[in-house]
Each structure stands twice: as structure tokens, then as C-alpha cells.
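Asker: Sharing a structure below in C-alpha cells format, with a few things to ask.
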Amino acid sequence: MSVKILSITLLLVSTCVSCHSSEDARFPGIKPPCCVDVTKPNVTADVVGEIYREQAARYHCVKAIIFNTKNGQLCADPNAQWVKDLTARMTKAPK
């Protein structure tokens, strides 16, 4: 009985590991569904709208502030002073 439980446990663990490691393979040629890097230079002029989102660091995603631009989403460093200044004047988007 314990060999059967061990076998099932190993199968489940290996399945979880393989799914997690192939996570980026589901989005070939497409921007990942989260920020994996942030922009540090001041690009305030590129930001449109008055709403931003916060992203927590998890898995391969980094901590970021996400702004909208005319070219799509911009992932910015939450510790950059220009980001702090800009978010102080904007509205945080609901989750």
C-alpha cells in the first residue's frame, strides 16, 4: 500500500514540476501575461490615462507598476522616483 501511495505522490509532483517549467512555452512569441522585467528610465510622457496596476513578484514575474501607453502596457520599477511621483497623481485600478 505504501509503495502505491509513494508512486502516486511522485507522479503528481513530477506533473506539477513539468507544468510549471513549461509555463512560458504556452506563450510562444507572445508577451508573458505578467512583467518579467521593468523599465527604469523616466517615460512619463509615454503614459496615457489615469490608472495604473500593481504587480506582486511571483514565479517568474517581478514586482512592477503597470501603466498603459499608446503602444501597450509598460512595466515600471516601483522604486523609481518618477514612478512614485506619477502614481501619486493617478488612481490605482481595482483588482
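Within each chain, counting starts at residue 1; across the C-alpha cells, chains are named A, B, ... in the order shown, with ligands numbered 1 upward in that order.
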Identify, on the basis of only C-alpha atoms, every residue whose closest approach to Glu50 of chain A does not exceed 12 Å; exclude the query and any residue fewer than 6 positions from it along the same chain; express the result as a list in words.
Answerer: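 Contacts, with the query itself left out: Thr44, Ile66, Phe67, Asn68, Thr69, Leu86, Thr87, Ala88, Arg89, Met90, Thr91, Lys92 and Ala93 of chain A.
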Asker: Restricting the output to N, CA and C atoms, write the selected residues as a PDB file, in the first residue's frame.
Answerer:
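Below you can see result.pdb, which holds the result:
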ATOM      1  N   THR A  44       7.504  59.008 -18.472  1.00  0.00           N
ATOM      2  CA  THR A  44       6.233  59.604 -18.085  1.00  0.00           C
ATOM      3  C   THR A  44       5.459  60.086 -19.302  1.00  0.00           C
ATOM      4  N   ILE A  66       2.297  48.813 -13.483  1.00  0.00           N
ATOM      5  CA  ILE A  66       1.953  48.668 -14.894  1.00  0.00           C
ATOM      6  C   ILE A  66       1.121  49.870 -15.333  1.00  0.00           C
ATOM      7  N   PHE A  67       1.650  50.582 -16.314  1.00  0.00           N
ATOM      8  CA  PHE A  67       0.966  51.736 -16.894  1.00  0.00           C
ATOM      9  C   PHE A  67       0.489  51.371 -18.298  1.00  0.00           C
ATOM     10  N   ASN A  68      -0.501  52.098 -18.786  1.00  0.00           N
ATOM     11  CA  ASN A  68      -0.926  51.965 -20.179  1.00  0.00           C
ATOM     12  C   ASN A  68      -0.227  53.025 -21.002  1.00  0.00           C
ATOM     13  N   THR A  69       0.211  52.648 -22.199  1.00  0.00           N
ATOM     14  CA  THR A  69       0.790  53.588 -23.149  1.00  0.00           C
ATOM     15  C   THR A  69       0.083  53.378 -24.480  1.00  0.00           C
ATOM     16  N   LEU A  86       4.421  59.758 -10.347  1.00  0.00           N
ATOM     17  CA  LEU A  86       3.303  59.569 -11.267  1.00  0.00           C
ATOM     18  C   LEU A  86       2.141  58.846 -10.595  1.00  0.00           C
ATOM     19  N   THR A  87       2.417  57.805  -9.834  1.00  0.00           N
ATOM     20  CA  THR A  87       1.329  57.068  -9.181  1.00  0.00           C
ATOM     21  C   THR A  87       0.643  57.903  -8.103  1.00  0.00           C
ATOM     22  N   ALA A  88       1.335  58.869  -7.531  1.00  0.00           N
ATOM     23  CA  ALA A  88       0.721  59.746  -6.532  1.00  0.00           C
ATOM     24  C   ALA A  88      -0.374  60.610  -7.160  1.00  0.00           C
ATOM     25  N   ARG A  89      -0.282  60.841  -8.473  1.00  0.00           N
ATOM     26  CA  ARG A  89      -1.271  61.671  -9.181  1.00  0.00           C
ATOM     27  C   ARG A  89      -2.337  60.835  -9.885  1.00  0.00           C
ATOM     28  N   MET A  90      -2.198  59.513  -9.830  1.00  0.00           N
ATOM     29  CA  MET A  90      -3.107  58.629 -10.564  1.00  0.00           C
ATOM     30  C   MET A  90      -4.001  57.832  -9.631  1.00  0.00           C
ATOM     31  N   THR A  91      -4.891  57.013 -10.221  1.00  0.00           N
ATOM     32  CA  THR A  91      -5.790  56.159  -9.474  1.00  0.00           C
ATOM     33  C   THR A  91      -5.367  54.703  -9.659  1.00  0.00           C
ATOM     34  N   LYS A  92      -5.293  53.986  -8.559  1.00  0.00           N
ATOM     35  CA  LYS A  92      -4.946  52.572  -8.622  1.00  0.00           C
ATOM     36  C   LYS A  92      -6.159  51.788  -9.123  1.00  0.00           C
ATOM     37  N   ALA A  93      -5.933  50.917 -10.095  1.00  0.00           N
ATOM     38  CA  ALA A  93      -7.006  50.097 -10.663  1.00  0.00           C
ATOM     39  C   ALA A  93      -7.431  49.038  -9.653  1.00  0.00           C
TER      40      ALA A  93
END
Asker: Could you name the residues that touch Trp82 of chain A at 9 Å or less, counting only C-alpha atoms, but leaving out those on the same chain fewer than 2 positions away, as a VMD selection string?
Answerer: chain A and resid 41 to 44 79 to 80 84 to 87
Asker: I need the residues from that last selection saved to file as a short mmCIF file (atom, residue, chain, number, x, y, z; two decimals), in the first residue's frame (with all heavy atoms), if you can.
Answerer:
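Below you can see selection_37.cif, which holds the result:
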data_model
loop_
_atom_site.label_atom_id
_atom_site.label_comp_id
_atom_site.auth_asym_id
_atom_site.auth_seq_id
_atom_site.Cartn_x
_atom_site.Cartn_y
_atom_site.Cartn_z
N PRO A 41 14.24 53.95 -16.92
CA PRO A 41 14.28 55.36 -17.35
C PRO A 41 12.89 56.01 -17.26
O PRO A 41 11.87 55.33 -17.37
CB PRO A 41 14.73 55.29 -18.81
CG PRO A 41 15.28 53.94 -19.01
CD PRO A 41 14.65 53.05 -17.99
N ASN A 42 12.88 57.32 -17.10
CA ASN A 42 11.63 58.07 -17.00
C ASN A 42 10.94 58.12 -18.35
O ASN A 42 11.44 58.72 -19.30
CB ASN A 42 11.92 59.48 -16.49
CG ASN A 42 10.65 60.26 -16.20
OD1 ASN A 42 9.59 59.96 -16.73
ND2 ASN A 42 10.77 61.26 -15.36
N VAL A 43 9.79 57.51 -18.44
CA VAL A 43 9.00 57.51 -19.67
C VAL A 43 7.59 58.04 -19.38
O VAL A 43 6.61 57.61 -19.98
CB VAL A 43 8.94 56.12 -20.32
CG1 VAL A 43 10.28 55.73 -20.91
CG2 VAL A 43 8.48 55.07 -19.33
N THR A 44 7.50 59.01 -18.47
CA THR A 44 6.23 59.60 -18.08
C THR A 44 5.46 60.09 -19.30
O THR A 44 4.24 59.94 -19.37
CB THR A 44 6.47 60.78 -17.11
OG1 THR A 44 7.17 60.28 -15.97
CG2 THR A 44 5.17 61.40 -16.65
N ASN A 79 10.27 51.30 -7.45
CA ASN A 79 11.17 52.08 -6.60
C ASN A 79 11.72 53.33 -7.28
O ASN A 79 12.38 54.14 -6.63
CB ASN A 79 12.32 51.20 -6.11
CG ASN A 79 11.82 50.06 -5.25
OD1 ASN A 79 10.96 50.24 -4.40
ND2 ASN A 79 12.32 48.87 -5.49
N ALA A 80 11.47 53.49 -8.57
CA ALA A 80 11.96 54.66 -9.30
C ALA A 80 11.17 55.89 -8.86
O ALA A 80 9.94 55.83 -8.72
CB ALA A 80 11.83 54.44 -10.80
N LYS A 84 6.97 56.76 -8.52
CA LYS A 84 6.31 57.20 -7.28
C LYS A 84 5.58 58.51 -7.49
O LYS A 84 4.44 58.69 -7.03
CB LYS A 84 7.34 57.34 -6.16
CG LYS A 84 7.93 56.01 -5.72
CD LYS A 84 9.00 56.22 -4.68
CE LYS A 84 9.65 54.90 -4.29
NZ LYS A 84 10.73 55.08 -3.31
N ASP A 85 6.21 59.44 -8.19
CA ASP A 85 5.58 60.75 -8.46
C ASP A 85 4.33 60.59 -9.32
O ASP A 85 3.29 61.21 -9.07
CB ASP A 85 6.57 61.69 -9.15
CG ASP A 85 7.74 62.08 -8.26
OD1 ASP A 85 7.64 61.92 -7.02
OD2 ASP A 85 8.76 62.53 -8.81
N LEU A 86 4.42 59.76 -10.35
CA LEU A 86 3.30 59.57 -11.27
C LEU A 86 2.14 58.85 -10.59
O LEU A 86 0.98 59.26 -10.74
CB LEU A 86 3.77 58.80 -12.50
CG LEU A 86 2.80 58.68 -13.66
CD1 LEU A 86 2.33 60.05 -14.15
CD2 LEU A 86 3.43 57.91 -14.81
N THR A 87 2.42 57.81 -9.83
CA THR A 87 1.33 57.07 -9.18
C THR A 87 0.64 57.90 -8.10
O THR A 87 -0.53 57.70 -7.82
CB THR A 87 1.83 55.74 -8.56
OG1 THR A 87 2.90 56.00 -7.67
CG2 THR A 87 2.26 54.77 -9.64
#
Asker: Interatomic distance between atom CA of Val38 of chain A and atom CA of Leu74 of chain A?
Answerer: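 So the answer is 8.0 Å.
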Asker: When you count only C-alpha atoms, which of these residues is closest to Gly72 of chain A: A:Val47, A:His60, A:Cys34, A:Lys40?
Answerer: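 Looking only at the distances to Gly72 of chain A, the closest residue turns out to be A:Val47.
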Asker: Using only C-alpha atoms, which residues sit within 12 Å of Pro94 of chain A once same-chain residues fewer than 3 positions away are excluded, as a VMD selection string?
Answerer: chain A and resid 51 to 55 91
Asker: Give me a file of those residues, with N, CA and C atoms, as a PDB file, in the first residue's frame.
Answerer:
ATOM      1  N   ILE A  51      -4.883  55.604 -14.791  1.00  0.00           N
ATOM      2  CA  ILE A  51      -4.984  54.383 -13.991  1.00  0.00           C
ATOM      3  C   ILE A  51      -3.713  53.557 -14.130  1.00  0.00           C
ATOM      4  N   TYR A  52      -3.305  52.943 -13.026  1.00  0.00           N
ATOM      5  CA  TYR A  52      -2.156  52.033 -13.036  1.00  0.00           C
ATOM      6  C   TYR A  52      -2.508  50.783 -12.249  1.00  0.00           C
ATOM      7  N   ARG A  53      -1.722  49.725 -12.445  1.00  0.00           N
ATOM      8  CA  ARG A  53      -1.886  48.483 -11.700  1.00  0.00           C
ATOM      9  C   ARG A  53      -0.588  48.141 -11.003  1.00  0.00           C
ATOM     10  N   GLU A  54      -0.695  47.463  -9.876  1.00  0.00           N
ATOM     11  CA  GLU A  54       0.481  46.949  -9.177  1.00  0.00           C
ATOM     12  C   GLU A  54       0.569  45.450  -9.418  1.00  0.00           C
ATOM     13  N   GLN A  55       1.781  44.973  -9.630  1.00  0.00           N
ATOM     14  CA  GLN A  55       2.001  43.535  -9.789  1.00  0.00           C
ATOM     15  C   GLN A  55       2.977  43.072  -8.710  1.00  0.00           C
ATOM     16  N   THR A  91      -4.891  57.013 -10.221  1.00  0.00           N
ATOM     17  CA  THR A  91      -5.790  56.159  -9.474  1.00  0.00           C
ATOM     18  C   THR A  91      -5.367  54.703  -9.659  1.00  0.00           C
TER      19      THR A  91
END
Asker: Taking only segment 53-95 of chain A into account, list the residues labelled strand (DSSP E or B) by DSSP (computed from the backbone), as a list in words.
Answerer: Arg53, Glu54, Gln55, Arg58, Cys61, Ala64, Ile65, Ile66, Phe67, Asn68, Thr69, Gly72, Gln73, Leu74, Cys75, Ala76, Thr91 and Lys92 of chain A
